[in-house]
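Report on the structure given below.
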Amino acid sequence: MVVNAEIDSVQRLIGQQARIKLKVSCDADKKLSMHLFSKNLIDGVEIVEVLKDTQLLNDGKRLSLTHEYIVTSFDTALYVIPPFEILVDSVPYYSEELALDVSTYIIEQTNEEQIFGPKD
């Protein structure tokens, strides 16, 4: 049984997207269940899209499940994403804890005449 979670980059600017990939591999005859996220991964981290892939390997003896969450945040913070819980035959397995550091743009205040409003 293997559960692995990874994020493509820990640091993002506000509004930018990050990819969180959850990979699970187990024997194909096991019953696998996991929480399905729809809108938010955690408070402050929104899910934009979920990509799923399931494969049978080794002549159908192994199951490989991948969920890729494309996420974004519109609040600056260091978000700690708790481990994902996967139940295999009712036994819990956990991924690694992840971090997402969302920062804001720095606006130079000394040259305010160079800041322009939106164009038509």
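Ligands are numbered from 1 in the order shown, residues from 1 within each chain, and chains are lettered A, B, ... in the order they appear in the structure tokens.
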Practice problem: Might you pull out every residue within 10 Å of region 7-20 of chain A, with only C-alpha atoms counted and same-chain residues fewer than 4 positions away left off, and present them as a PyMOL selection string? | Solution: chain A and resi 46-50+67-79+98-105
For the selection you just gave me, I'd like the residues written to a file as a short mmCIF file (atom, residue, chain, number, x, y, z; two decimals), in the first residue's frame, keeping N, CA and C atoms.
data_model
loop_
_atom_site.label_atom_id
_atom_site.label_comp_id
_atom_site.auth_asym_id
_atom_site.auth_seq_id
_atom_site.Cartn_x
_atom_site.Cartn_y
_atom_site.Cartn_z
N GLU A 46 -9.34 26.97 -2.58
CA GLU A 46 -10.44 26.57 -3.45
C GLU A 46 -9.98 25.59 -4.52
N ILE A 47 -10.83 24.64 -4.84
CA ILE A 47 -10.56 23.69 -5.91
C ILE A 47 -11.10 24.25 -7.22
N VAL A 48 -10.23 24.38 -8.21
CA VAL A 48 -10.61 24.87 -9.53
C VAL A 48 -11.05 23.69 -10.40
N GLU A 49 -10.30 22.59 -10.30
CA GLU A 49 -10.57 21.42 -11.14
C GLU A 49 -9.98 20.18 -10.48
N VAL A 50 -10.61 19.03 -10.72
CA VAL A 50 -10.09 17.75 -10.24
C VAL A 50 -9.91 16.84 -11.44
N HIS A 67 -5.48 11.36 -8.11
CA HIS A 67 -6.36 12.54 -8.12
C HIS A 67 -5.44 13.75 -8.14
N GLU A 68 -5.64 14.62 -9.11
CA GLU A 68 -4.86 15.85 -9.19
C GLU A 68 -5.81 17.01 -8.96
N TYR A 69 -5.55 17.77 -7.90
CA TYR A 69 -6.38 18.92 -7.54
C TYR A 69 -5.67 20.19 -8.00
N ILE A 70 -6.34 20.95 -8.85
CA ILE A 70 -5.83 22.26 -9.24
C ILE A 70 -6.52 23.25 -8.31
N VAL A 71 -5.72 23.96 -7.50
CA VAL A 71 -6.27 24.80 -6.44
C VAL A 71 -5.76 26.23 -6.57
N THR A 72 -6.47 27.14 -5.91
CA THR A 72 -6.05 28.54 -5.85
C THR A 72 -6.49 29.12 -4.52
N SER A 73 -5.95 30.28 -4.19
CA SER A 73 -6.36 30.98 -2.97
C SER A 73 -6.32 32.48 -3.23
N PHE A 74 -7.28 33.19 -2.62
CA PHE A 74 -7.36 34.63 -2.78
C PHE A 74 -7.10 35.35 -1.47
N ASP A 75 -6.51 34.64 -0.51
CA ASP A 75 -6.11 35.23 0.77
C ASP A 75 -4.65 34.86 1.02
N THR A 76 -3.88 35.83 1.48
CA THR A 76 -2.49 35.55 1.80
C THR A 76 -2.40 34.81 3.13
N ALA A 77 -1.68 33.71 3.12
CA ALA A 77 -1.50 32.92 4.35
C ALA A 77 -0.59 31.75 4.02
N LEU A 78 -0.11 31.12 5.08
CA LEU A 78 0.57 29.84 4.95
C LEU A 78 -0.45 28.78 5.31
N TYR A 79 -0.91 28.04 4.30
CA TYR A 79 -1.93 27.02 4.50
C TYR A 79 -1.25 25.67 4.72
N LEU A 98 1.03 18.76 3.56
CA LEU A 98 1.56 19.69 2.57
C LEU A 98 1.40 21.13 3.05
N ALA A 99 2.16 22.02 2.44
CA ALA A 99 2.06 23.45 2.76
C ALA A 99 1.90 24.24 1.47
N LEU A 100 1.12 25.31 1.55
CA LEU A 100 0.94 26.23 0.43
C LEU A 100 1.05 27.64 0.99
N ASP A 101 2.11 28.34 0.59
CA ASP A 101 2.36 29.71 1.06
C ASP A 101 1.88 30.68 -0.02
N VAL A 102 0.81 31.40 0.27
CA VAL A 102 0.23 32.35 -0.69
C VAL A 102 0.60 33.76 -0.26
N SER A 103 1.28 34.47 -1.14
CA SER A 103 1.69 35.84 -0.84
C SER A 103 1.05 36.80 -1.84
N THR A 104 1.14 38.07 -1.54
CA THR A 104 0.52 39.09 -2.38
C THR A 104 1.58 39.82 -3.19
N TYR A 105 1.12 40.58 -4.16
CA TYR A 105 2.01 41.40 -4.96
C TYR A 105 2.48 42.59 -4.14
#
Quiz prompt | For Glu96 (chain A), the nearest of the candidates A:Met1, A:Gln55, A:Glu6, A:Lys30, counting only C-alpha atoms | solution =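 Under the stated criterion, the closest residue is A:Glu6.
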Practice problem: Find the residues around Ile86 (chain A) up to 9 Å (only C-alpha atoms counted), leave out those fewer than 3 positions away in its own chain, and share them as a PyMOL selection string. | Solution: chain A and resi 3+24+32-35+90-95
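Each of A:Glu85, A:Glu97, A:Asp120, A:Asp27 was compared to Gly60 (chain A) using only C-alpha atoms, and A:Asp27 turns out to be the nearest.
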Quiz item: chain A: which residues are strand (DSSP E or B) by DSSP, as a ChimeraX atom specification?
Solution: /A:2-7,11-13,17-27,32-34,40-42,45-57,62-72,77-81,85-88,91-94,98-103
Same residues, C-alpha atoms, saved as a PDB file, in the first residue's frame:
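After the write, out15.pdb holds the following:
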ATOM      1  CA  VAL A   2       1.459   3.355  -1.056  1.00  0.00           C
ATOM      2  CA  VAL A   3      -0.097   6.799  -0.461  1.00  0.00           C
ATOM      3  CA  ASN A   4       1.789   9.829  -1.708  1.00  0.00           C
ATOM      4  CA  ALA A   5       0.838  13.522  -1.939  1.00  0.00           C
ATOM      5  CA  GLU A   6       2.902  16.271  -3.531  1.00  0.00           C
ATOM      6  CA  ILE A   7       2.480  19.890  -4.523  1.00  0.00           C
ATOM      7  CA  GLN A  11       4.961  29.321  -2.893  1.00  0.00           C
ATOM      8  CA  ARG A  12       2.320  31.004  -5.035  1.00  0.00           C
ATOM      9  CA  LEU A  13       1.096  34.541  -5.562  1.00  0.00           C
ATOM     10  CA  GLN A  17      -2.993  28.029  -9.339  1.00  0.00           C
ATOM     11  CA  ALA A  18      -1.116  25.130  -7.765  1.00  0.00           C
ATOM     12  CA  ARG A  19      -1.343  21.412  -8.506  1.00  0.00           C
ATOM     13  CA  ILE A  20      -1.664  18.897  -5.713  1.00  0.00           C
ATOM     14  CA  LYS A  21      -1.280  15.287  -6.791  1.00  0.00           C
ATOM     15  CA  LEU A  22      -2.516  12.398  -4.633  1.00  0.00           C
ATOM     16  CA  LYS A  23      -1.340   8.935  -5.733  1.00  0.00           C
ATOM     17  CA  VAL A  24      -2.574   5.677  -4.238  1.00  0.00           C
ATOM     18  CA  SER A  25      -1.368   2.208  -5.148  1.00  0.00           C
ATOM     19  CA  CYS A  26      -2.698  -1.021  -3.642  1.00  0.00           C
ATOM     20  CA  ASP A  27      -3.683  -4.575  -4.511  1.00  0.00           C
ATOM     21  CA  LEU A  32     -10.517   1.577  -1.442  1.00  0.00           C
ATOM     22  CA  SER A  33     -12.390   4.668  -0.250  1.00  0.00           C
ATOM     23  CA  MET A  34     -11.431   8.298   0.189  1.00  0.00           C
ATOM     24  CA  ASN A  40     -12.651  23.649  -1.032  1.00  0.00           C
ATOM     25  CA  LEU A  41      -9.680  21.524  -0.095  1.00  0.00           C
ATOM     26  CA  ILE A  42      -9.489  23.395   3.220  1.00  0.00           C
ATOM     27  CA  VAL A  45      -7.928  26.922  -0.626  1.00  0.00           C
ATOM     28  CA  GLU A  46     -10.444  26.566  -3.450  1.00  0.00           C
ATOM     29  CA  ILE A  47     -10.555  23.692  -5.914  1.00  0.00           C
ATOM     30  CA  VAL A  48     -10.614  24.867  -9.532  1.00  0.00           C
ATOM     31  CA  GLU A  49     -10.569  21.417 -11.142  1.00  0.00           C
ATOM     32  CA  VAL A  50     -10.089  17.750 -10.239  1.00  0.00           C
ATOM     33  CA  LEU A  51      -8.407  15.355 -12.657  1.00  0.00           C
ATOM     34  CA  LYS A  52      -8.770  11.633 -11.966  1.00  0.00           C
ATOM     35  CA  ASP A  53      -6.965   8.628 -13.388  1.00  0.00           C
ATOM     36  CA  THR A  54      -7.375   4.950 -12.479  1.00  0.00           C
ATOM     37  CA  GLN A  55      -5.169   2.186 -13.873  1.00  0.00           C
ATOM     38  CA  LEU A  56      -4.901  -1.549 -13.369  1.00  0.00           C
ATOM     39  CA  LEU A  57      -1.293  -2.740 -13.439  1.00  0.00           C
ATOM     40  CA  ARG A  62      -2.448  -3.708  -8.718  1.00  0.00           C
ATOM     41  CA  LEU A  63      -4.629  -0.607  -8.696  1.00  0.00           C
ATOM     42  CA  SER A  64      -3.140   2.848  -9.251  1.00  0.00           C
ATOM     43  CA  LEU A  65      -5.395   5.810  -8.472  1.00  0.00           C
ATOM     44  CA  THR A  66      -4.380   9.436  -9.056  1.00  0.00           C
ATOM     45  CA  HIS A  67      -6.357  12.537  -8.117  1.00  0.00           C
ATOM     46  CA  GLU A  68      -4.858  15.851  -9.194  1.00  0.00           C
ATOM     47  CA  TYR A  69      -6.377  18.917  -7.538  1.00  0.00           C
ATOM     48  CA  ILE A  70      -5.829  22.265  -9.243  1.00  0.00           C
ATOM     49  CA  VAL A  71      -6.269  24.799  -6.441  1.00  0.00           C
ATOM     50  CA  THR A  72      -6.049  28.536  -5.849  1.00  0.00           C
ATOM     51  CA  ALA A  77      -1.499  32.919   4.345  1.00  0.00           C
ATOM     52  CA  LEU A  78       0.574  29.840   4.951  1.00  0.00           C
ATOM     53  CA  TYR A  79      -1.927  27.017   4.499  1.00  0.00           C
ATOM     54  CA  VAL A  80      -1.186  23.650   6.041  1.00  0.00           C
ATOM     55  CA  ILE A  81      -3.006  20.944   4.120  1.00  0.00           C
ATOM     56  CA  GLU A  85      -6.862   9.814   4.513  1.00  0.00           C
ATOM     57  CA  ILE A  86      -7.366   6.714   2.383  1.00  0.00           C
ATOM     58  CA  LEU A  87      -9.252   3.691   3.703  1.00  0.00           C
ATOM     59  CA  VAL A  88      -8.144   0.316   2.361  1.00  0.00           C
ATOM     60  CA  VAL A  91      -7.782   0.459   7.516  1.00  0.00           C
ATOM     61  CA  PRO A  92      -6.710   4.142   7.369  1.00  0.00           C
ATOM     62  CA  TYR A  93      -3.562   5.194   5.511  1.00  0.00           C
ATOM     63  CA  TYR A  94      -2.316   8.780   5.327  1.00  0.00           C
ATOM     64  CA  LEU A  98       1.557  19.691   2.567  1.00  0.00           C
ATOM     65  CA  ALA A  99       2.065  23.448   2.758  1.00  0.00           C
ATOM     66  CA  LEU A 100       0.938  26.233   0.432  1.00  0.00           C
ATOM     67  CA  ASP A 101       2.363  29.711   1.056  1.00  0.00           C
ATOM     68  CA  VAL A 102       0.229  32.347  -0.687  1.00  0.00           C
ATOM     69  CA  SER A 103       1.687  35.842  -0.841  1.00  0.00           C
TER      70      SER A 103
END
Practice problem: Give me, please, the distance in Å between CA of Lys31 (chain A) and CA of Pro82 (chain A), quoted to one decimal. | Solution: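 One can read the CA of Lys31 (chain A) to CA of Pro82 (chain A) distance as 22.9 Å.
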